[in-house]
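K.L.:
My questions all concern the structure below.
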Amino acid sequence: TVVVRPGKPAAAKYGLGDQWLELNRTAICQSGSGCATVTSRDIRDHYNVGPPYIIHVQDVIQLSKRWVELVPSIYDQYPLLYAEMFAYQAAAADIQLQHTLVTNLFMGCMINWPNKVSTKLSVETYMQQTNNNNNNIGASSCFVEPLRPPPFLHYCRRYAYHNTNNSDNNKEPLYYFIAKRRVPGDILDCTTENYLTPFPSNENEKNYDEGWSTLTACAILRAVNYAKHSHCNK
């Protein structure tokens with residue numbers, strides 16, 4: 001059991017590692033500070049984290065202020081997607097706020113997929129239900145016991161799966177996928193009758209784990225549509 005208390009936050013263990021230590025830390029950190037002296041081992045043991053962050057209220061303001069201060073200088077040297085996450089590591093190290101690293105807190109990317117229980121039965125059940133337009137079932141319906149996913153999804157990439165209805169004799173797409181930038185901005189608007197459906201693709205979709213990618217797409221679809229159905233049918 002992980003207990004969060006003042007000075008002892010917790011967060012999901014990520015695969016970011018210590019890449020930001022290769023930056024010019026003289027331009028980022030104050031000389032002799034925790035940010036300037038943190039080591040690769042320190043990051044591996046205490047700061048290799050990402051959201052969800054679980055922090056005691058007494059630590060939030062101090063950490064947040066230092067985080068905001070460090071983002072611009074890190075982004076100047078690393079103007080890419082993970083700059084703000086590296087800045088979080090640097091800020092936590094700077095004020096020596098060591099984290100408990102929690103595994104199995106999320107799935108999606110930046111971490112290995114769960115592999116203790118087979119996804120086969122859940123995938124087969126979902127594929128048999130792909131033509132079911134029932135929008136009153138949520139994400140949990142995608143997972144057949146004993147399969148239980150982690151509580152959070154890192155919705156950071158494209159999740160695709162083979163279309164089992166495709167054959168050489170029809171015009172069905174090879175794959176379906178879900179990608180956050182393709183979801184219509186008004187998908188939860190009650191003035192439209194549209195619900196989220198997977199997007200077709202004939203490209204060679206690459207999945208790290210097709211079973212989990214399939215179930216992730218299922219969970220996103222059903223979570224969004226259940227939210228809309230529940231809200232718009234009050």
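Here's how to read the names in the structure tokens: chain A, B, ... by the order shown, residue numbers from 1 in each chain, ligand numbers from 1 in the order shown.
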Counting only C-alpha atoms, which residues of region 81-108 of chain A fall within 12 Å of region 56-75 of chain A, and what is the closest atom pair for each with its distance in Å at one decimal, ordered by chain and rising number, as JSON lines?
P.N.:
```
{"residue": "A:Leu81", "atom": "CA", "partner": "A:Tyr75", "partner_atom": "CA", "distance": 9.1}
{"residue": "A:Tyr82", "atom": "CA", "partner": "A:Tyr75", "partner_atom": "CA", "distance": 8.8}
{"residue": "A:Ala83", "atom": "CA", "partner": "A:Tyr75", "partner_atom": "CA", "distance": 5.4}
{"residue": "A:Glu84", "atom": "CA", "partner": "A:Val71", "partner_atom": "CA", "distance": 5.5}
{"residue": "A:Met85", "atom": "CA", "partner": "A:Val71", "partner_atom": "CA", "distance": 8.6}
{"residue": "A:Phe86", "atom": "CA", "partner": "A:Ile74", "partner_atom": "CA", "distance": 7.7}
{"residue": "A:Ala87", "atom": "CA", "partner": "A:Val71", "partner_atom": "CA", "distance": 5.2}
{"residue": "A:Tyr88", "atom": "CA", "partner": "A:Trp67", "partner_atom": "CA", "distance": 5.4}
{"residue": "A:Gln89", "atom": "CA", "partner": "A:Trp67", "partner_atom": "CA", "distance": 8.4}
{"residue": "A:Ala90", "atom": "CA", "partner": "A:Leu70", "partner_atom": "CA", "distance": 7.5}
{"residue": "A:Ala91", "atom": "CA", "partner": "A:Trp67", "partner_atom": "CA", "distance": 5.0}
{"residue": "A:Ala92", "atom": "CA", "partner": "A:Leu63", "partner_atom": "CA", "distance": 6.5}
{"residue": "A:Ala93", "atom": "CA", "partner": "A:Leu63", "partner_atom": "CA", "distance": 9.8}
{"residue": "A:Asp94", "atom": "CA", "partner": "A:Arg66", "partner_atom": "CA", "distance": 8.1}
{"residue": "A:Ile95", "atom": "CA", "partner": "A:Leu63", "partner_atom": "CA", "distance": 7.5}
{"residue": "A:Gln96", "atom": "CA", "partner": "A:Leu63", "partner_atom": "CA", "distance": 9.9}
{"residue": "A:Leu97", "atom": "CA", "partner": "A:Leu63", "partner_atom": "CA", "distance": 8.3}
{"residue": "A:Gln98", "atom": "CA", "partner": "A:Asp59", "partner_atom": "CA", "distance": 11.5}
{"residue": "A:His99", "atom": "CA", "partner": "A:His56", "partner_atom": "CA", "distance": 11.4}
```
K.L.:
Those selected residues, please, written with N, CA and C atoms and delivered as a tab-separated table (two decimals), in the first residue's frame.
P.N.:
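Printed below is result-v7.tsv as written:
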```
chain	number	residue	atom	x	y	z
A	81	LEU	N	7.80	17.22	-27.11
A	81	LEU	CA	6.60	16.88	-26.35
A	81	LEU	C	6.84	16.70	-24.86
A	82	TYR	N	7.98	16.14	-24.46
A	82	TYR	CA	8.16	15.75	-23.06
A	82	TYR	C	8.85	16.82	-22.22
A	83	ALA	N	9.02	18.03	-22.76
A	83	ALA	CA	9.75	19.07	-22.02
A	83	ALA	C	9.13	19.33	-20.66
A	84	GLU	N	7.79	19.40	-20.61
A	84	GLU	CA	7.16	19.73	-19.33
A	84	GLU	C	7.26	18.57	-18.34
A	85	MET	N	7.39	17.32	-18.86
A	85	MET	CA	7.54	16.18	-17.96
A	85	MET	C	8.97	16.13	-17.40
A	86	PHE	N	9.95	16.47	-18.23
A	86	PHE	CA	11.31	16.57	-17.73
A	86	PHE	C	11.41	17.69	-16.69
A	87	ALA	N	10.68	18.78	-16.94
A	87	ALA	CA	10.69	19.90	-15.99
A	87	ALA	C	10.09	19.48	-14.66
A	88	TYR	N	9.09	18.61	-14.70
A	88	TYR	CA	8.51	18.10	-13.44
A	88	TYR	C	9.57	17.32	-12.67
A	89	GLN	N	10.30	16.44	-13.37
A	89	GLN	CA	11.37	15.69	-12.72
A	89	GLN	C	12.38	16.65	-12.09
A	90	ALA	N	12.77	17.66	-12.87
A	90	ALA	CA	13.78	18.60	-12.40
A	90	ALA	C	13.29	19.38	-11.19
A	91	ALA	N	12.02	19.79	-11.22
A	91	ALA	CA	11.45	20.55	-10.11
A	91	ALA	C	11.39	19.70	-8.84
A	92	ALA	N	10.95	18.46	-8.98
A	92	ALA	CA	10.87	17.57	-7.82
A	92	ALA	C	12.25	17.32	-7.24
A	93	ALA	N	13.23	17.10	-8.12
A	93	ALA	CA	14.60	16.89	-7.66
A	93	ALA	C	15.15	18.15	-7.00
A	94	ASP	N	14.78	19.30	-7.55
A	94	ASP	CA	15.31	20.56	-7.04
A	94	ASP	C	14.90	20.81	-5.60
A	95	ILE	N	13.67	20.43	-5.27
A	95	ILE	CA	13.20	20.62	-3.88
A	95	ILE	C	13.26	19.31	-3.10
A	96	GLN	N	13.96	18.33	-3.71
A	96	GLN	CA	14.20	17.03	-3.07
A	96	GLN	C	12.91	16.37	-2.60
A	97	LEU	N	11.93	16.38	-3.47
A	97	LEU	CA	10.64	15.77	-3.18
A	97	LEU	C	10.61	14.38	-3.83
A	98	GLN	N	11.19	13.43	-3.15
A	98	GLN	CA	11.33	12.08	-3.69
A	98	GLN	C	9.97	11.39	-3.78
A	99	HIS	N	9.71	10.78	-4.95
A	99	HIS	CA	8.43	10.13	-5.21
A	99	HIS	C	8.52	8.62	-5.00
```
K.L.:
Output as a PyMOL selection string all residues of chain A that backbone DSSP marks as helix (DSSP H, G or I).
P.N.:
chain A and resi 19-22+25-27+34-37+40-47+57-77+83-94+120-128+139-142+180-182+210-232
K.L.:
Take the residues that were just selected and, keeping C-alpha atoms, output them as an mmCIF file, in the first residue's frame.
P.N.:
```cif
data_model
loop_
_atom_site.group_PDB
_atom_site.id
_atom_site.type_symbol
_atom_site.label_atom_id
_atom_site.label_comp_id
_atom_site.auth_asym_id
_atom_site.auth_seq_id
_atom_site.Cartn_x
_atom_site.Cartn_y
_atom_site.Cartn_z
ATOM 1 C CA GLN A 19 17.393 12.091 -20.867
ATOM 2 C CA TRP A 20 17.236 15.655 -19.602
ATOM 3 C CA LEU A 21 20.497 15.230 -17.671
ATOM 4 C CA GLU A 22 22.247 15.517 -21.047
ATOM 5 C CA ARG A 25 21.996 22.077 -16.681
ATOM 6 C CA THR A 26 24.052 25.166 -15.935
ATOM 7 C CA ALA A 27 21.485 27.115 -17.971
ATOM 8 C CA GLY A 34 18.989 19.528 -6.293
ATOM 9 C CA CYS A 35 18.266 20.057 -9.975
ATOM 10 C CA ALA A 36 21.985 20.531 -10.698
ATOM 11 C CA THR A 37 23.231 17.583 -8.630
ATOM 12 C CA SER A 40 20.763 9.030 -13.063
ATOM 13 C CA ARG A 41 20.306 6.678 -10.138
ATOM 14 C CA ASP A 42 18.269 9.295 -8.256
ATOM 15 C CA ILE A 43 15.961 9.656 -11.247
ATOM 16 C CA ARG A 44 15.608 5.898 -11.643
ATOM 17 C CA ASP A 45 14.704 5.482 -7.983
ATOM 18 C CA HIS A 46 12.640 8.618 -7.258
ATOM 19 C CA TYR A 47 11.851 10.853 -10.249
ATOM 20 C CA VAL A 57 -1.707 19.540 -0.545
ATOM 21 C CA GLN A 58 1.151 20.911 1.555
ATOM 22 C CA ASP A 59 3.617 20.209 -1.286
ATOM 23 C CA VAL A 60 1.550 21.287 -4.273
ATOM 24 C CA ILE A 61 2.265 25.025 -4.305
ATOM 25 C CA GLN A 62 6.028 24.768 -3.867
ATOM 26 C CA LEU A 63 6.358 22.028 -6.478
ATOM 27 C CA SER A 64 4.024 23.728 -8.957
ATOM 28 C CA LYS A 65 5.878 27.041 -8.753
ATOM 29 C CA ARG A 66 9.258 25.425 -9.363
ATOM 30 C CA TRP A 67 7.804 23.312 -12.173
ATOM 31 C CA VAL A 68 6.485 26.404 -13.950
ATOM 32 C CA GLU A 69 9.831 28.160 -13.509
ATOM 33 C CA LEU A 70 11.815 25.302 -15.078
ATOM 34 C CA VAL A 71 9.634 24.540 -18.098
ATOM 35 C CA PRO A 72 10.832 27.459 -20.319
ATOM 36 C CA SER A 73 14.557 26.811 -19.846
ATOM 37 C CA ILE A 74 14.165 23.097 -20.526
ATOM 38 C CA TYR A 75 11.919 23.753 -23.517
ATOM 39 C CA ASP A 76 14.559 26.126 -24.941
ATOM 40 C CA GLN A 77 16.932 23.177 -25.180
ATOM 41 C CA ALA A 83 9.748 19.066 -22.016
ATOM 42 C CA GLU A 84 7.162 19.726 -19.325
ATOM 43 C CA MET A 85 7.545 16.179 -17.962
ATOM 44 C CA PHE A 86 11.309 16.570 -17.725
ATOM 45 C CA ALA A 87 10.688 19.902 -15.991
ATOM 46 C CA TYR A 88 8.513 18.105 -13.438
ATOM 47 C CA GLN A 89 11.366 15.692 -12.717
ATOM 48 C CA ALA A 90 13.784 18.604 -12.399
ATOM 49 C CA ALA A 91 11.454 20.547 -10.105
ATOM 50 C CA ALA A 92 10.865 17.569 -7.815
ATOM 51 C CA ALA A 93 14.603 16.894 -7.658
ATOM 52 C CA ASP A 94 15.313 20.563 -7.044
ATOM 53 C CA LYS A 120 -8.051 -13.325 -26.118
ATOM 54 C CA LEU A 121 -11.528 -13.846 -24.635
ATOM 55 C CA SER A 122 -12.166 -10.112 -24.231
ATOM 56 C CA VAL A 123 -11.051 -9.383 -27.803
ATOM 57 C CA GLU A 124 -13.200 -12.177 -29.220
ATOM 58 C CA THR A 125 -16.221 -10.922 -27.264
ATOM 59 C CA TYR A 126 -15.699 -7.356 -28.494
ATOM 60 C CA MET A 127 -15.289 -8.430 -32.118
ATOM 61 C CA GLN A 128 -18.580 -10.327 -31.904
ATOM 62 C CA ALA A 139 -15.589 0.967 -20.845
ATOM 63 C CA SER A 140 -15.669 -1.814 -18.246
ATOM 64 C CA SER A 141 -17.798 -3.914 -20.615
ATOM 65 C CA CYS A 142 -14.736 -4.354 -22.868
ATOM 66 C CA LYS A 180 -7.624 11.531 -30.359
ATOM 67 C CA ARG A 181 -6.962 14.141 -33.056
ATOM 68 C CA ARG A 182 -9.591 12.548 -35.289
ATOM 69 C CA GLU A 210 -2.837 -5.989 -30.828
ATOM 70 C CA GLY A 211 -4.978 -7.459 -28.064
ATOM 71 C CA TRP A 212 -4.515 -4.509 -25.735
ATOM 72 C CA SER A 213 -4.736 -2.030 -28.615
ATOM 73 C CA THR A 214 -8.078 -3.531 -29.594
ATOM 74 C CA LEU A 215 -9.439 -3.347 -26.061
ATOM 75 C CA THR A 216 -8.139 0.191 -25.604
ATOM 76 C CA ALA A 217 -10.010 1.296 -28.734
ATOM 77 C CA CYS A 218 -13.101 -0.455 -27.377
ATOM 78 C CA ALA A 219 -12.767 1.276 -24.001
ATOM 79 C CA ILE A 220 -12.384 4.741 -25.545
ATOM 80 C CA LEU A 221 -15.368 4.242 -27.848
ATOM 81 C CA ARG A 222 -17.650 2.959 -25.126
ATOM 82 C CA ALA A 223 -16.527 5.495 -22.521
ATOM 83 C CA VAL A 224 -17.211 8.450 -24.839
ATOM 84 C CA ASN A 225 -20.531 7.097 -26.094
ATOM 85 C CA TYR A 226 -21.705 6.120 -22.624
ATOM 86 C CA ALA A 227 -20.893 9.624 -21.357
ATOM 87 C CA LYS A 228 -22.882 11.196 -24.177
ATOM 88 C CA HIS A 229 -25.797 8.783 -23.816
ATOM 89 C CA SER A 230 -25.987 9.296 -20.035
ATOM 90 C CA HIS A 231 -25.836 13.086 -20.278
ATOM 91 C CA CYS A 232 -28.084 13.607 -23.263
#
```
K.L.:
What does the distance between CA of Pro150 (chain A) and CA of Ala11 (chain A) come to in Å, to one decimal place?
P.N.:
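These two atoms are separated by 14.0 Å.
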K.L.:
Let's see if you can do this: from backbone DSSP, list all strand (DSSP E or B) residues in region 56-119 of chain A, as a list of chain:residue names.
P.N.:
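Those residues are A:Thr100, A:Leu101, A:Val102, A:Phe106, A:Met107.
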K.L.:
Please produce an output containing N, CA, C and O atoms for each residue in the selection, written as a tab-separated table (two decimals), in the first residue's frame.
P.N.:
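Now in out_11.tsv:
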```
chain	number	residue	atom	x	y	z
A	100	THR	N	7.41	8.05	-4.59
A	100	THR	CA	7.24	6.60	-4.67
A	100	THR	C	6.75	6.28	-6.07
A	100	THR	O	5.75	6.84	-6.53
A	101	LEU	N	7.46	5.41	-6.77
A	101	LEU	CA	7.09	5.06	-8.14
A	101	LEU	C	6.09	3.91	-8.11
A	101	LEU	O	6.37	2.85	-7.54
A	102	VAL	N	4.93	4.12	-8.73
A	102	VAL	CA	3.85	3.14	-8.67
A	102	VAL	C	3.70	2.48	-10.04
A	102	VAL	O	3.55	3.15	-11.07
A	106	PHE	N	-1.44	2.64	-14.86
A	106	PHE	CA	-2.05	3.03	-16.14
A	106	PHE	C	-1.53	2.12	-17.24
A	106	PHE	O	-0.59	1.36	-17.05
A	107	MET	N	-2.16	2.23	-18.41
A	107	MET	CA	-1.68	1.54	-19.60
A	107	MET	C	-1.80	2.51	-20.77
A	107	MET	O	-2.39	3.57	-20.67
```
K.L.:
Identify which of the residues A:Gly138, A:Pro79, A:Pro6, A:Pro51 lies closest to Leu105 (chain A), counting only C-alpha atoms when measuring atom-to-atom distances.
P.N.:
A:Pro51
K.L.:
Pick out the closest residue to Glu145 (chain A) from this set: A:Ser201, A:Ser118, A:Asn133, A:Asn112. Count only C-alpha atoms.
P.N.:
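Distance minimum relative to Glu145 (chain A) lands on A:Ser118.
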